[in-house]
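Taking it in order: structure first as structure tokens, then the write-up.
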Amino acid sequence: MPDKNFEFPIRVYYEDTDAGGIVYYANYLKFFERARTEWLRALGVEQDILLSNNIAFVVTQVLMNNKKSAGFNELLTVSSQISTLKSASIIFSQQIYNASAQLVCQAEIKVACIDKQAMKARPMPAEIAEVLTRVR
């Protein structure tokens, strides 16, 4: 059975920081996106194949809470879980921890499955829903 908690390492590069050497808040969203993408890839879901079939996942809602600063060259871990799985949407619960296992940032991110051409919600393909059900 696949793991219900996916962990993905992220190194903070200079480009991720502001003038003070602290991670710019919007970059945490990029870190969360990378972790979700890599989790799907690890589960055998390739988004480029979905796109070629007119299917896309888009973020529709974000609730993010910054708890602690992270800085240049820190190694962070993004932890991801599925908190809600519906036919056309997923709510991910994601956290970013520093090397001391302190919570840096947390977010609830809602992602919808859409028909790319119509730009409207659609049920996710059955094979993807099945895979995601196993890790929920």
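Each chain in the structure tokens gets a letter, A, B and so on, in the order shown; residues start at 1 in every chain, and ligands are counted from 1 in the order they appear.
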
Quiz item: Neighbours of segment 95-102 of chain A within 10 Å (only C-alpha atoms; same-chain residues fewer than 4 positions away dropped), as a ChimeraX atom specification?
Solution: /A:7-10,28,31-32,64-71,74-81,106-108

Quiz item: Quick one: residues within 10 Å of segment 54-59 of chain A, only C-alpha atoms counted, chain neighbours fewer than 3 positions away excluded, as a ChimeraX atom specification?
Solution: /A:33,47-51,62,88-91,109-119,121-125

Please produce an output containing N, CA and C atoms for each residue in the selection, written as a tab-separated table (two decimals), in the first residue's frame.
chain	number	residue	atom	x	y	z
A	33	GLU	N	3.73	23.15	-4.49
A	33	GLU	CA	3.41	22.67	-5.84
A	33	GLU	C	4.38	21.58	-6.29
A	47	GLN	N	1.51	14.53	-15.28
A	47	GLN	CA	0.61	15.62	-15.65
A	47	GLN	C	0.74	16.03	-17.11
A	48	ASP	N	1.90	15.82	-17.72
A	48	ASP	CA	2.02	16.17	-19.14
A	48	ASP	C	1.13	15.26	-19.99
A	49	ILE	N	0.97	14.02	-19.58
A	49	ILE	CA	0.08	13.10	-20.29
A	49	ILE	C	-1.37	13.55	-20.10
A	50	LEU	N	-1.70	13.97	-18.88
A	50	LEU	CA	-3.06	14.49	-18.64
A	50	LEU	C	-3.33	15.70	-19.51
A	51	LEU	N	-2.37	16.61	-19.57
A	51	LEU	CA	-2.55	17.82	-20.39
A	51	LEU	C	-2.77	17.48	-21.85
A	62	VAL	N	-6.40	28.46	-1.43
A	62	VAL	CA	-5.23	28.26	-0.58
A	62	VAL	C	-5.47	28.94	0.76
A	88	ALA	N	-14.16	15.54	-8.36
A	88	ALA	CA	-13.50	16.53	-9.22
A	88	ALA	C	-12.53	17.43	-8.46
A	89	SER	N	-12.26	17.13	-7.19
A	89	SER	CA	-11.34	17.99	-6.43
A	89	SER	C	-10.62	17.21	-5.34
A	90	ILE	N	-9.51	17.79	-4.93
A	90	ILE	CA	-8.67	17.23	-3.87
A	90	ILE	C	-8.29	18.37	-2.94
A	91	ILE	N	-8.34	18.14	-1.64
A	91	ILE	CA	-7.77	19.10	-0.70
A	91	ILE	C	-6.53	18.44	-0.10
A	109	ILE	N	-4.63	23.22	0.52
A	109	ILE	CA	-4.69	23.66	-0.87
A	109	ILE	C	-5.71	22.81	-1.61
A	110	LYS	N	-6.72	23.48	-2.17
A	110	LYS	CA	-7.75	22.78	-2.94
A	110	LYS	C	-7.38	22.83	-4.41
A	111	VAL	N	-7.43	21.66	-5.03
A	111	VAL	CA	-7.08	21.52	-6.44
A	111	VAL	C	-8.27	20.89	-7.15
A	112	ALA	N	-8.66	21.49	-8.27
A	112	ALA	CA	-9.78	20.96	-9.04
A	112	ALA	C	-9.28	20.33	-10.33
A	113	CYS	N	-9.96	19.28	-10.74
A	113	CYS	CA	-9.70	18.65	-12.03
A	113	CYS	C	-10.59	19.36	-13.05
A	114	ILE	N	-9.99	19.81	-14.16
A	114	ILE	CA	-10.78	20.53	-15.15
A	114	ILE	C	-10.56	19.97	-16.55
A	115	ASP	N	-11.56	20.22	-17.38
A	115	ASP	CA	-11.45	20.03	-18.82
A	115	ASP	C	-10.71	21.29	-19.30
A	116	LYS	N	-9.52	21.11	-19.80
A	116	LYS	CA	-8.67	22.25	-20.15
A	116	LYS	C	-9.29	23.12	-21.24
A	117	GLN	N	-9.93	22.52	-22.20
A	117	GLN	CA	-10.52	23.28	-23.30
A	117	GLN	C	-11.73	24.09	-22.83
A	118	ALA	N	-12.62	23.46	-22.09
A	118	ALA	CA	-13.83	24.14	-21.61
A	118	ALA	C	-13.56	25.00	-20.38
A	119	MET	N	-12.44	24.74	-19.71
A	119	MET	CA	-12.09	25.44	-18.47
A	119	MET	C	-13.20	25.28	-17.42
A	121	ALA	N	-14.88	22.39	-14.38
A	121	ALA	CA	-14.61	21.20	-13.55
A	121	ALA	C	-15.14	19.95	-14.24
A	122	ARG	N	-14.42	18.87	-14.03
A	122	ARG	CA	-14.83	17.56	-14.55
A	122	ARG	C	-14.35	16.51	-13.57
A	123	PRO	N	-15.00	15.36	-13.54
A	123	PRO	CA	-14.49	14.29	-12.67
A	123	PRO	C	-13.09	13.87	-13.11
A	124	MET	N	-12.26	13.58	-12.14
A	124	MET	CA	-10.92	13.10	-12.51
A	124	MET	C	-11.04	11.68	-13.08
A	125	PRO	N	-10.11	11.31	-13.95
A	125	PRO	CA	-10.16	9.96	-14.51
A	125	PRO	C	-10.20	8.90	-13.41

Quiz item: Residues at most 12 Å from Gly44 of chain A, counting only C-alpha atoms, excluding those fewer than 5 positions away in the same chain, as an MDAnalysis selection string?
Solution: chainID A and resid 2 37:39 49:50 127:128 130:132

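Take atom CA of Ala129 of chain A and atom CA of Ala26 of chain A: the distance between them is 29.1 Å.
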
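For the atom pair formed by atom CA of Leu43 of chain A and atom CA of Ile82 of chain A, the distance is 13.2 Å, given to one decimal.
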
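In this model, the gap between atom CA of Asn27 of chain A and atom CA of Arg136 of chain A comes to 26.1 Å.
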
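Minimum atom-to-atom distance to Asn73 of chain A, evaluated using only C-alpha atoms, belongs to A:Arg11 out of A:Lys4, A:Lys120, A:Lys86, A:Arg11.
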
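Nearest residue to Leu29 of chain A among A:Gln94, A:Asn5, A:Asn53, A:Ser87 is A:Gln94, counting only C-alpha atoms.
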
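Comparing A:Phe6, A:Ser93, A:Ile22, A:Thr60 by their smallest distance to Arg41 of chain A, the closest is A:Phe6 (using only C-alpha atoms).
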
Quiz prompt | Which of chain A DSSP labels helix (DSSP H, G or I), written as a ChimeraX atom specification | solution = /A:14-16,25-42,47-52,126-135
